[in-house]
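Everything below belongs to work_3.cif, which stores mmCIF, C-alpha atoms and all ligand atoms; chains and numbers go by the auth columns.
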data_start
#
loop_
_atom_site.group_PDB
_atom_site.id
_atom_site.type_symbol
_atom_site.label_atom_id
_atom_site.label_comp_id
_atom_site.label_asym_id
_atom_site.label_seq_id
_atom_site.Cartn_x
_atom_site.Cartn_y
_atom_site.Cartn_z
_atom_site.B_iso_or_equiv
_atom_site.auth_seq_id
_atom_site.auth_asym_id
ATOM 1 C CA MET A 1 -128.352 76.563 -134.744 0.00 1 Q
ATOM 2 C CA ARG A 2 -129.561 78.127 -137.979 0.00 2 Q
ATOM 3 C CA PHE A 3 -129.949 81.894 -138.187 0.00 3 Q
ATOM 4 C CA LEU A 4 -131.939 83.909 -140.707 0.00 4 Q
ATOM 5 C CA VAL A 5 -130.067 87.176 -141.309 0.00 5 Q
ATOM 6 C CA LEU A 6 -132.071 90.191 -142.478 0.00 6 Q
ATOM 7 C CA SER A 7 -130.966 93.749 -143.175 0.00 7 Q
ATOM 8 C CA ASP A 8 -132.384 96.972 -144.566 0.00 8 Q
ATOM 9 C CA LEU A 9 -136.023 95.899 -144.657 0.00 9 Q
ATOM 10 C CA HIS A 10 -137.114 99.516 -145.153 0.00 10 Q
ATOM 11 C CA SER A 11 -140.837 99.059 -144.458 0.00 11 Q
ATOM 12 C CA ASN A 12 -141.246 96.766 -147.467 0.00 12 Q
ATOM 13 C CA LEU A 13 -143.939 94.279 -146.425 0.00 13 Q
ATOM 14 C CA GLU A 14 -144.115 92.414 -149.739 0.00 14 Q
ATOM 15 C CA ALA A 15 -140.347 91.828 -149.700 0.00 15 Q
ATOM 16 C CA LEU A 16 -140.345 90.590 -146.094 0.00 16 Q
ATOM 17 C CA GLN A 17 -143.204 88.186 -146.798 0.00 17 Q
ATOM 18 C CA ALA A 18 -141.366 86.788 -149.838 0.00 18 Q
ATOM 19 C CA VAL A 19 -138.148 86.363 -147.836 0.00 19 Q
ATOM 20 C CA LEU A 20 -139.929 84.504 -145.039 0.00 20 Q
ATOM 21 C CA ALA A 21 -141.769 82.269 -147.523 0.00 21 Q
ATOM 22 C CA ALA A 22 -138.444 81.361 -149.139 0.00 22 Q
ATOM 23 C CA ALA A 23 -136.509 80.964 -145.876 0.00 23 Q
ATOM 24 C CA ARG A 24 -139.031 78.867 -143.912 0.00 24 Q
ATOM 25 C CA PRO A 25 -138.618 75.681 -145.990 0.00 25 Q
ATOM 26 C CA LEU A 26 -134.828 76.059 -145.674 0.00 26 Q
ATOM 27 C CA GLY A 27 -135.188 76.164 -141.887 0.00 27 Q
ATOM 28 C CA PHE A 28 -134.063 78.615 -139.188 0.00 28 Q
ATOM 29 C CA GLU A 29 -134.390 78.866 -135.396 0.00 29 Q
ATOM 30 C CA ARG A 30 -133.362 82.471 -134.775 0.00 30 Q
ATOM 31 C CA VAL A 31 -133.549 85.762 -136.664 0.00 31 Q
ATOM 32 C CA LEU A 32 -130.824 88.408 -136.748 0.00 32 Q
ATOM 33 C CA VAL A 33 -131.787 91.900 -137.957 0.00 33 Q
ATOM 34 C CA LEU A 34 -129.026 94.332 -138.939 0.00 34 Q
ATOM 35 C CA GLY A 35 -131.087 97.515 -138.826 0.00 35 Q
ATOM 36 C CA ASP A 36 -133.045 99.859 -141.091 0.00 36 Q
ATOM 37 C CA VAL A 37 -136.295 98.090 -140.337 0.00 37 Q
ATOM 38 C CA VAL A 38 -138.145 101.239 -141.464 0.00 38 Q
ATOM 39 C CA GLY A 39 -137.675 104.190 -143.806 0.00 39 Q
ATOM 40 C CA TYR A 40 -138.474 104.542 -147.554 0.00 40 Q
ATOM 41 C CA GLY A 41 -141.352 102.027 -147.742 0.00 41 Q
ATOM 42 C CA ALA A 42 -145.071 102.251 -147.004 0.00 42 Q
ATOM 43 C CA ASP A 43 -145.611 99.550 -144.359 0.00 43 Q
ATOM 44 C CA PRO A 44 -143.506 100.290 -141.262 0.00 44 Q
ATOM 45 C CA ASN A 45 -146.083 99.060 -138.730 0.00 45 Q
ATOM 46 C CA ASP A 46 -146.803 95.769 -140.523 0.00 46 Q
ATOM 47 C CA VAL A 47 -143.100 95.007 -140.965 0.00 47 Q
ATOM 48 C CA ILE A 48 -142.442 95.638 -137.261 0.00 48 Q
ATOM 49 C CA GLU A 49 -145.438 93.519 -136.266 0.00 49 Q
ATOM 50 C CA ILE A 50 -144.094 90.549 -138.267 0.00 50 Q
ATOM 51 C CA LEU A 51 -140.595 90.932 -136.801 0.00 51 Q
ATOM 52 C CA ARG A 52 -141.942 91.061 -133.256 0.00 52 Q
ATOM 53 C CA ASN A 53 -143.614 87.701 -133.766 0.00 53 Q
ATOM 54 C CA LEU A 54 -140.707 85.834 -135.334 0.00 54 Q
ATOM 55 C CA PRO A 55 -138.846 83.303 -133.170 0.00 55 Q
ATOM 56 C CA GLY A 56 -135.750 84.416 -131.272 0.00 56 Q
ATOM 57 C CA VAL A 57 -135.297 87.811 -132.895 0.00 57 Q
ATOM 58 C CA LEU A 58 -132.143 89.757 -132.127 0.00 58 Q
ATOM 59 C CA ALA A 59 -132.287 93.161 -133.823 0.00 59 Q
ATOM 60 C CA ILE A 60 -130.111 96.260 -133.791 0.00 60 Q
ATOM 61 C CA ARG A 61 -130.954 99.735 -135.038 0.00 61 Q
ATOM 62 C CA GLY A 62 -130.003 101.339 -138.329 0.00 62 Q
ATOM 63 C CA ASN A 63 -129.692 105.032 -139.113 0.00 63 Q
ATOM 64 C CA HIS A 64 -133.253 105.147 -140.466 0.00 64 Q
ATOM 65 C CA ASP A 65 -134.628 103.487 -137.309 0.00 65 Q
ATOM 66 C CA ARG A 66 -132.765 106.022 -135.181 0.00 66 Q
ATOM 67 C CA VAL A 67 -134.278 108.950 -137.111 0.00 67 Q
ATOM 68 C CA ALA A 68 -137.777 107.428 -137.181 0.00 68 Q
ATOM 69 C CA ALA A 69 -137.683 106.872 -133.418 0.00 69 Q
ATOM 70 C CA SER A 70 -136.678 110.564 -133.129 0.00 70 Q
ATOM 71 C CA PHE A 71 -133.273 110.041 -131.522 0.00 71 Q
ATOM 72 C CA SER A 72 -131.605 112.129 -134.203 0.00 72 Q
ATOM 73 C CA ASP A 73 -132.595 114.441 -137.026 0.00 73 Q
ATOM 74 C CA ALA A 74 -132.361 113.475 -140.691 0.00 74 Q
ATOM 75 C CA GLU A 75 -128.999 115.202 -141.152 0.00 75 Q
ATOM 76 C CA GLY A 76 -127.063 113.607 -144.023 0.00 76 Q
ATOM 77 C CA PHE A 77 -130.226 112.139 -145.579 0.00 77 Q
ATOM 78 C CA ASN A 78 -131.084 113.034 -149.157 0.00 78 Q
ATOM 79 C CA GLU A 79 -134.427 114.749 -149.780 0.00 79 Q
ATOM 80 C CA ALA A 80 -136.386 111.565 -150.546 0.00 80 Q
ATOM 81 C CA ALA A 81 -134.965 109.797 -147.479 0.00 81 Q
ATOM 82 C CA ARG A 82 -135.726 112.821 -145.291 0.00 82 Q
ATOM 83 C CA LEU A 83 -139.325 113.066 -146.518 0.00 83 Q
ATOM 84 C CA ALA A 84 -139.769 109.325 -145.992 0.00 84 Q
ATOM 85 C CA ALA A 85 -138.339 109.574 -142.464 0.00 85 Q
ATOM 86 C CA LEU A 86 -140.778 112.345 -141.567 0.00 86 Q
ATOM 87 C CA TRP A 87 -143.681 110.365 -143.118 0.00 87 Q
ATOM 88 C CA THR A 88 -142.588 107.282 -141.148 0.00 88 Q
ATOM 89 C CA ARG A 89 -142.543 109.245 -137.877 0.00 89 Q
ATOM 90 C CA ARG A 90 -146.112 110.404 -138.507 0.00 90 Q
ATOM 91 C CA THR A 91 -147.258 106.898 -139.460 0.00 91 Q
ATOM 92 C CA LEU A 92 -145.701 104.776 -136.714 0.00 92 Q
ATOM 93 C CA ALA A 93 -148.067 103.306 -134.112 0.00 93 Q
ATOM 94 C CA PRO A 94 -146.988 103.799 -130.468 0.00 94 Q
ATOM 95 C CA ALA A 95 -146.023 100.100 -130.210 0.00 95 Q
ATOM 96 C CA SER A 96 -143.821 100.485 -133.301 0.00 96 Q
ATOM 97 C CA VAL A 97 -142.054 103.526 -131.836 0.00 97 Q
ATOM 98 C CA GLU A 98 -141.479 101.520 -128.667 0.00 98 Q
ATOM 99 C CA PHE A 99 -139.968 98.658 -130.696 0.00 99 Q
ATOM 100 C CA LEU A 100 -137.625 100.958 -132.624 0.00 100 Q
ATOM 101 C CA ALA A 101 -136.619 102.950 -129.559 0.00 101 Q
ATOM 102 C CA ALA A 102 -135.594 99.738 -127.775 0.00 102 Q
ATOM 103 C CA LEU A 103 -133.276 98.564 -130.581 0.00 103 Q
ATOM 104 C CA PRO A 104 -129.658 98.606 -129.382 0.00 104 Q
ATOM 105 C CA LYS A 105 -126.840 100.207 -131.298 0.00 105 Q
ATOM 106 C CA GLY A 106 -124.467 97.685 -132.890 0.00 106 Q
ATOM 107 C CA PRO A 107 -122.131 95.947 -132.746 0.00 107 Q
ATOM 108 C CA VAL A 108 -123.876 93.229 -130.711 0.00 108 Q
ATOM 109 C CA GLU A 109 -122.378 89.764 -130.155 0.00 109 Q
ATOM 110 C CA PHE A 110 -124.859 86.996 -131.002 0.00 110 Q
ATOM 111 C CA ALA A 111 -122.465 84.063 -130.485 0.00 111 Q
ATOM 112 C CA SER A 112 -118.874 83.805 -129.336 0.00 112 Q
ATOM 113 C CA GLY A 113 -116.758 85.993 -131.662 0.00 113 Q
ATOM 114 C CA LYS A 114 -119.734 86.612 -133.960 0.00 114 Q
ATOM 115 C CA PHE A 115 -121.372 90.024 -134.239 0.00 115 Q
ATOM 116 C CA LEU A 116 -124.060 92.100 -135.919 0.00 116 Q
ATOM 117 C CA CYS A 117 -123.630 95.713 -136.942 0.00 117 Q
ATOM 118 C CA HIS A 118 -125.406 98.150 -139.230 0.00 118 Q
ATOM 119 C CA GLY A 119 -122.726 100.165 -141.071 0.00 119 Q
ATOM 120 C CA THR A 120 -119.436 98.831 -139.753 0.00 120 Q
ATOM 121 C CA PRO A 121 -118.473 97.269 -136.405 0.00 121 Q
ATOM 122 C CA LEU A 122 -116.727 100.572 -135.610 0.00 122 Q
ATOM 123 C CA ASP A 123 -119.384 103.052 -136.771 0.00 123 Q
ATOM 124 C CA GLU A 124 -123.075 102.366 -137.425 0.00 124 Q
ATOM 125 C CA ASP A 125 -123.251 105.172 -140.021 0.00 125 Q
ATOM 126 C CA ARG A 126 -120.232 104.292 -142.182 0.00 126 Q
ATOM 127 C CA TYR A 127 -120.541 102.481 -145.509 0.00 127 Q
ATOM 128 C CA LEU A 128 -118.401 99.384 -145.936 0.00 128 Q
ATOM 129 C CA LEU A 129 -117.845 99.275 -149.677 0.00 129 Q
ATOM 130 C CA GLU A 130 -114.125 98.726 -150.213 0.00 130 Q
ATOM 131 C CA GLU A 131 -111.078 96.887 -148.899 0.00 131 Q
ATOM 132 C CA GLY A 132 -109.591 99.900 -147.039 0.00 132 Q
ATOM 133 C CA GLU A 133 -112.675 100.252 -144.855 0.00 133 Q
ATOM 134 C CA ALA A 134 -112.779 96.462 -144.352 0.00 134 Q
ATOM 135 C CA ARG A 135 -109.159 96.548 -143.146 0.00 135 Q
ATOM 136 C CA ARG A 136 -109.981 99.269 -140.599 0.00 136 Q
ATOM 137 C CA CYS A 137 -112.762 96.999 -139.297 0.00 137 Q
ATOM 138 C CA PHE A 138 -110.563 93.879 -139.096 0.00 138 Q
ATOM 139 C CA ASP A 139 -107.822 95.921 -137.368 0.00 139 Q
ATOM 140 C CA GLY A 140 -110.217 97.716 -135.026 0.00 140 Q
ATOM 141 C CA MET A 141 -112.163 94.824 -133.543 0.00 141 Q
ATOM 142 C CA PRO A 142 -111.332 91.156 -132.813 0.00 142 Q
ATOM 143 C CA PHE A 143 -114.317 89.353 -134.398 0.00 143 Q
ATOM 144 C CA ASP A 144 -114.303 86.085 -136.352 0.00 144 Q
ATOM 145 C CA LEU A 145 -117.470 86.941 -138.231 0.00 145 Q
ATOM 146 C CA CYS A 146 -119.473 90.157 -138.400 0.00 146 Q
ATOM 147 C CA PHE A 147 -122.650 90.590 -140.411 0.00 147 Q
ATOM 148 C CA PHE A 148 -123.184 94.137 -141.676 0.00 148 Q
ATOM 149 C CA GLY A 149 -125.753 96.001 -143.758 0.00 149 Q
ATOM 150 C CA HIS A 150 -126.337 99.655 -144.704 0.00 150 Q
ATOM 151 C CA THR A 151 -124.886 99.501 -148.248 0.00 151 Q
ATOM 152 C CA HIS A 152 -127.629 97.181 -149.576 0.00 152 Q
ATOM 153 C CA PHE A 153 -124.925 95.273 -151.534 0.00 153 Q
ATOM 154 C CA PRO A 154 -124.708 91.552 -150.721 0.00 154 Q
ATOM 155 C CA GLY A 155 -121.281 89.971 -150.487 0.00 155 Q
ATOM 156 C CA ALA A 156 -118.271 89.427 -148.256 0.00 156 Q
ATOM 157 C CA PHE A 157 -114.821 90.673 -147.316 0.00 157 Q
ATOM 158 C CA ILE A 158 -112.532 87.868 -146.167 0.00 158 Q
ATOM 159 C CA LEU A 159 -109.244 88.321 -144.290 0.00 159 Q
ATOM 160 C CA GLU A 160 -106.709 85.536 -144.738 0.00 160 Q
ATOM 161 C CA GLY A 161 -103.319 86.265 -143.235 0.00 161 Q
ATOM 162 C CA ASP A 162 -102.704 89.827 -144.341 0.00 162 Q
ATOM 163 C CA ARG A 163 -104.758 89.669 -147.507 0.00 163 Q
ATOM 164 C CA ILE A 164 -108.342 90.860 -147.925 0.00 164 Q
ATOM 165 C CA SER A 165 -110.420 89.381 -150.708 0.00 165 Q
ATOM 166 C CA ARG A 166 -113.821 90.511 -151.792 0.00 166 Q
ATOM 167 C CA ARG A 167 -116.670 88.198 -152.778 0.00 167 Q
ATOM 168 C CA PRO A 168 -119.615 90.129 -154.216 0.00 168 Q
ATOM 169 C CA ALA A 169 -122.829 88.159 -154.635 0.00 169 Q
ATOM 170 C CA LEU A 170 -123.264 88.444 -158.389 0.00 170 Q
ATOM 171 C CA GLY A 171 -126.061 85.976 -159.068 0.00 171 Q
ATOM 172 C CA ASP A 172 -128.980 84.870 -156.916 0.00 172 Q
ATOM 173 C CA GLU A 173 -126.895 82.783 -154.516 0.00 173 Q
ATOM 174 C CA LEU A 174 -123.490 82.979 -152.840 0.00 174 Q
ATOM 175 C CA VAL A 175 -122.261 80.295 -150.438 0.00 175 Q
ATOM 176 C CA ILE A 176 -119.390 81.063 -148.067 0.00 176 Q
ATOM 177 C CA GLU A 177 -117.848 78.210 -146.107 0.00 177 Q
ATOM 178 C CA CYS A 178 -116.141 79.950 -143.194 0.00 178 Q
ATOM 179 C CA GLN A 179 -112.748 78.501 -142.329 0.00 179 Q
ATOM 180 C CA ARG A 180 -110.762 78.604 -139.119 0.00 180 Q
ATOM 181 C CA GLY A 181 -108.036 81.236 -139.188 0.00 181 Q
ATOM 182 C CA ARG A 182 -109.916 83.448 -141.621 0.00 182 Q
ATOM 183 C CA ARG A 183 -112.137 86.375 -140.634 0.00 183 Q
ATOM 184 C CA TYR A 184 -115.330 87.468 -142.325 0.00 184 Q
ATOM 185 C CA LEU A 185 -117.412 90.593 -142.886 0.00 185 Q
ATOM 186 C CA ILE A 186 -120.622 89.508 -144.614 0.00 186 Q
ATOM 187 C CA ASN A 187 -123.516 91.561 -145.967 0.00 187 Q
ATOM 188 C CA PRO A 188 -126.744 89.581 -146.585 0.00 188 Q
ATOM 189 C CA GLY A 189 -128.054 92.265 -148.982 0.00 189 Q
ATOM 190 C CA SER A 190 -131.214 94.271 -148.496 0.00 190 Q
ATOM 191 C CA VAL A 191 -134.647 92.766 -147.945 0.00 191 Q
ATOM 192 C CA GLY A 192 -136.588 95.878 -148.886 0.00 192 Q
ATOM 193 C CA GLN A 193 -134.515 98.033 -151.229 0.00 193 Q
ATOM 194 C CA PRO A 194 -131.850 96.163 -153.267 0.00 194 Q
ATOM 195 C CA ARG A 195 -129.407 98.510 -155.008 0.00 195 Q
ATOM 196 C CA ASP A 196 -127.190 96.237 -157.107 0.00 196 Q
ATOM 197 C CA ARG A 197 -129.434 96.318 -160.186 0.00 197 Q
ATOM 198 C CA ASN A 198 -131.004 93.041 -159.125 0.00 198 Q
ATOM 199 C CA PRO A 199 -134.490 93.926 -157.814 0.00 199 Q
ATOM 200 C CA ARG A 200 -134.908 90.578 -156.026 0.00 200 Q
ATOM 201 C CA CYS A 201 -134.897 90.835 -152.244 0.00 201 Q
ATOM 202 C CA GLY A 202 -131.920 89.487 -150.340 0.00 202 Q
ATOM 203 C CA PHE A 203 -131.338 87.521 -147.155 0.00 203 Q
ATOM 204 C CA ALA A 204 -128.793 85.127 -145.666 0.00 204 Q
ATOM 205 C CA LEU A 205 -128.854 81.929 -143.650 0.00 205 Q
ATOM 206 C CA PHE A 206 -126.043 81.045 -141.271 0.00 206 Q
ATOM 207 C CA ASP A 207 -125.517 77.602 -139.801 0.00 207 Q
ATOM 208 C CA ASP A 208 -123.133 77.852 -136.859 0.00 208 Q
ATOM 209 C CA ALA A 209 -122.614 74.068 -136.720 0.00 209 Q
ATOM 210 C CA SER A 210 -121.176 73.882 -140.246 0.00 210 Q
ATOM 211 C CA ASP A 211 -120.060 77.564 -140.322 0.00 211 Q
ATOM 212 C CA VAL A 212 -121.709 78.074 -143.709 0.00 212 Q
ATOM 213 C CA VAL A 213 -123.342 81.334 -144.768 0.00 213 Q
ATOM 214 C CA SER A 214 -125.585 81.321 -147.816 0.00 214 Q
ATOM 215 C CA ILE A 215 -126.873 84.518 -149.396 0.00 215 Q
ATOM 216 C CA HIS A 216 -130.080 84.221 -151.380 0.00 216 Q
ATOM 217 C CA ARG A 217 -132.150 86.424 -153.698 0.00 217 Q
ATOM 218 C CA VAL A 218 -135.846 85.885 -154.329 0.00 218 Q
ATOM 219 C CA PRO A 219 -138.435 87.681 -156.466 0.00 219 Q
ATOM 220 C CA TYR A 220 -141.311 89.555 -154.830 0.00 220 Q
ATOM 221 C CA PRO A 221 -144.202 91.725 -156.045 0.00 221 Q
ATOM 222 C CA ALA A 222 -142.194 94.964 -156.225 0.00 222 Q
ATOM 223 C CA ALA A 223 -144.946 96.619 -158.301 0.00 223 Q
ATOM 224 C CA GLU A 224 -147.313 96.275 -155.327 0.00 224 Q
ATOM 225 C CA ALA A 225 -144.800 97.796 -152.932 0.00 225 Q
ATOM 226 C CA ARG A 226 -144.233 100.630 -155.424 0.00 226 Q
ATOM 227 C CA GLU A 227 -147.976 101.254 -155.766 0.00 227 Q
ATOM 228 C CA LYS A 228 -148.350 101.588 -151.987 0.00 228 Q
ATOM 229 C CA ILE A 229 -145.459 104.075 -151.870 0.00 229 Q
ATOM 230 C CA LEU A 230 -147.173 106.222 -154.499 0.00 230 Q
ATOM 231 C CA ARG A 231 -150.556 105.986 -152.751 0.00 231 Q
ATOM 232 C CA ALA A 232 -148.944 107.040 -149.459 0.00 232 Q
ATOM 233 C CA GLY A 233 -147.696 110.231 -151.141 0.00 233 Q
ATOM 234 C CA LEU A 234 -144.055 109.249 -150.661 0.00 234 Q
ATOM 235 C CA PRO A 235 -141.544 110.383 -153.338 0.00 235 Q
ATOM 236 C CA ARG A 236 -142.159 108.535 -156.634 0.00 236 Q
ATOM 237 C CA TRP A 237 -138.464 107.643 -156.929 0.00 237 Q
ATOM 238 C CA LEU A 238 -138.714 105.470 -153.810 0.00 238 Q
ATOM 239 C CA GLY A 239 -141.243 103.319 -155.672 0.00 239 Q
ATOM 240 C CA ASP A 240 -139.503 103.375 -159.056 0.00 240 Q
ATOM 241 C CA ARG A 241 -136.154 102.301 -157.634 0.00 241 Q
ATOM 242 C CA LEU A 242 -137.694 99.065 -156.302 0.00 242 Q
ATOM 243 C CA ILE A 243 -138.555 98.042 -159.866 0.00 243 Q
ATOM 244 C CA LEU A 244 -135.039 98.836 -161.069 0.00 244 Q
ATOM 245 C CA GLY A 245 -133.203 97.450 -158.032 0.00 245 Q
ATOM 246 C CA VAL A 246 -131.096 100.587 -157.557 0.00 246 Q
HETATM 247 FE FE FE B . -130.607 101.027 -145.393 0.00 301 Q
#
Please rewrite the model in this file as structure tokens.
Amino acid sequence: MRFLVLSDLHSNLEALQAVLAAARPLGFERVLVLGDVVGYGADPNDVIEILRNLPGVLAIRGNHDRVAASFSDAEGFNEAARLAALWTRRTLAPASVEFLAALPKGPVEFASGKFLCHGTPLDEDRYLLEEGEARRCFDGMPFDLCFFGHTHFPGAFILEGDRISRRPALGDELVIECQRGRRYLINPGSVGQPRDRNPRCGFALFDDASDVVSIHRVPYPAAEAREKILRAGLPRWLGDRLILGV
């Protein structure tokens, strides 16, 4: 089975369309979504509509989805994120609210020993950026592979014996051949708001027959997404950062 792995879409329609156009020829049967479907961008309803119609979607919530669906306030959000969350709440169609409200909290097991989470497998709101946090995750939960998002930085933490190594995705592709006896935390990068100074949108494909994960980056019309953000009256920075990839 081949899985398309998406995270941090952030209401960016142009980015999602580009990802799907790039992923379809590569082939996938199911779609895994690691949360933050909405927030920041100008097209929350269209992004949700596309997700709802993709084959075999398994999605969990992110912190922005939780706030947009009104389960929690925007505590801990910076000003631009808070304004965008409030705008998103006002803009969501009833069917979109229903979709977001039904998203489960991670971690969720999608295959034996294989999980999805938003922040970390232990806490949906924590950022997994360094080896110490990765070790807490490996120690705290017995997974073989866990996909995570939230940081918007594509790459992997790999546990082999007692040693954790880090594999950031530096170019436009990173291939990880998972091996028995090793354990993996893998971030596919962000579809809708890349932050590693590469403005191309990110996604991953996972083939559970060969146990290979490939992370990809593809260009998309970021200027169009930015223009829509400005027209919607959202903070200008949320548009500008798409061009910069930060
Ligand atoms: Fe996010």
Residues picked by the PyMOL selection byres (((chain Q and resi 39) around 6) and not hetatm) here, as a ChimeraX atom specification?
-> /Q:10,38,40-41,64,84-85
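The coordinates place atom CA of Q:Ala225 at 21.1 Å from atom CA of Q:Gly62.
Nearest to ligand FE 301 (chain Q) of all the residues Q:Leu4, Q:Ala156, Q:Val191, Q:Ala68 is Q:Val191, counting only C-alpha atoms and all ligand atoms.
When the distance limit is 10 Å and all atoms listed in the file are what count, the residues near Q:Arg135, minus those fewer than 3 positions from it on the same chain, are Q:Glu130, Q:Glu131, Q:Gly132, Q:Phe138, Q:Asp139, Q:Gly140, Q:Phe157, Q:Ile158, Q:Leu159, Q:Asp162, Q:Arg163, Q:Ile164.
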With 8 Å as the cut-off and all atoms listed in the file counted, what is the closest atom pair between each nearby residue of chain Q and ligand FE 301 (chain Q)? Distances in Å to one decimal, ordered by chain and number, as a Markdown table.
| residue | atom | partner | partner_atom | distance |
| --- | --- | --- | --- | --- |
| Q:Ser7 | CA | Q:FE301 | FE | 7.6 |
| Q:Asp8 | CA | Q:FE301 | FE | 4.5 |
| Q:Leu9 | CA | Q:FE301 | FE | 7.5 |
| Q:His10 | CA | Q:FE301 | FE | 6.7 |
| Q:Gly35 | CA | Q:FE301 | FE | 7.5 |
| Q:Asp36 | CA | Q:FE301 | FE | 5.1 |
| Q:Gly39 | CA | Q:FE301 | FE | 7.9 |
| Q:Gly62 | CA | Q:FE301 | FE | 7.1 |
| Q:Asn63 | CA | Q:FE301 | FE | 7.5 |
| Q:His64 | CA | Q:FE301 | FE | 6.9 |
| Q:Gly149 | CA | Q:FE301 | FE | 7.2 |
| Q:His150 | CA | Q:FE301 | FE | 4.5 |
| Q:Thr151 | CA | Q:FE301 | FE | 6.6 |
| Q:His152 | CA | Q:FE301 | FE | 6.4 |
| Q:Ser190 | CA | Q:FE301 | FE | 7.5 |
| Q:Gln193 | CA | Q:FE301 | FE | 7.6 |
Centre, x/y/z edge lengths, axis-aligned box for stretch 45-49 of chain Q with 5 Å per side, as lines of an AutoDock Vina configuration file:
center_x = -144.6
center_y = 96.3
center_z = -138.6
size_x = 14.4
size_y = 15.5
size_z = 14.7
Judged by only C-alpha atoms, the minimum distance to Q:Ile229 among Q:Ala69, Q:Leu242, Q:Leu54, Q:Val5 is found for Q:Leu242
Near Q:Arg200, counting only C-alpha atoms, which residues have an atom at most 8 Å away, once you skip same-chain residues fewer than 3 positions from it, shown as a count of residues only?
-> 6
Please build the interface table for stretch 139-244 of chain Q against stretch 97-117 of chain Q with a cut-off of 8 Å, listing for each qualifying residue the nearest atom pair and the distance in Å to one decimal; count all atoms listed in the file, order rows by chain and increasing number, and write it as a tab-separated table.
residue	atom	partner	partner_atom	distance
Q:Pro142	CA	Q:Gly113	CA	7.6
Q:Phe143	CA	Q:Gly113	CA	5.0
Q:Asp144	CA	Q:Gly113	CA	5.3
Q:Leu145	CA	Q:Lys114	CA	4.8
Q:Cys146	CA	Q:Phe115	CA	4.6
Q:Phe147	CA	Q:Leu116	CA	4.9
Q:Phe148	CA	Q:Cys117	CA	5.0
Q:Gly149	CA	Q:Cys117	CA	7.1
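Nearest residue to Q:Asp207, choosing from Q:Gly189, Q:Glu79, Q:Cys178, Q:Gln17 and counting all atoms listed in the file: Q:Cys178.
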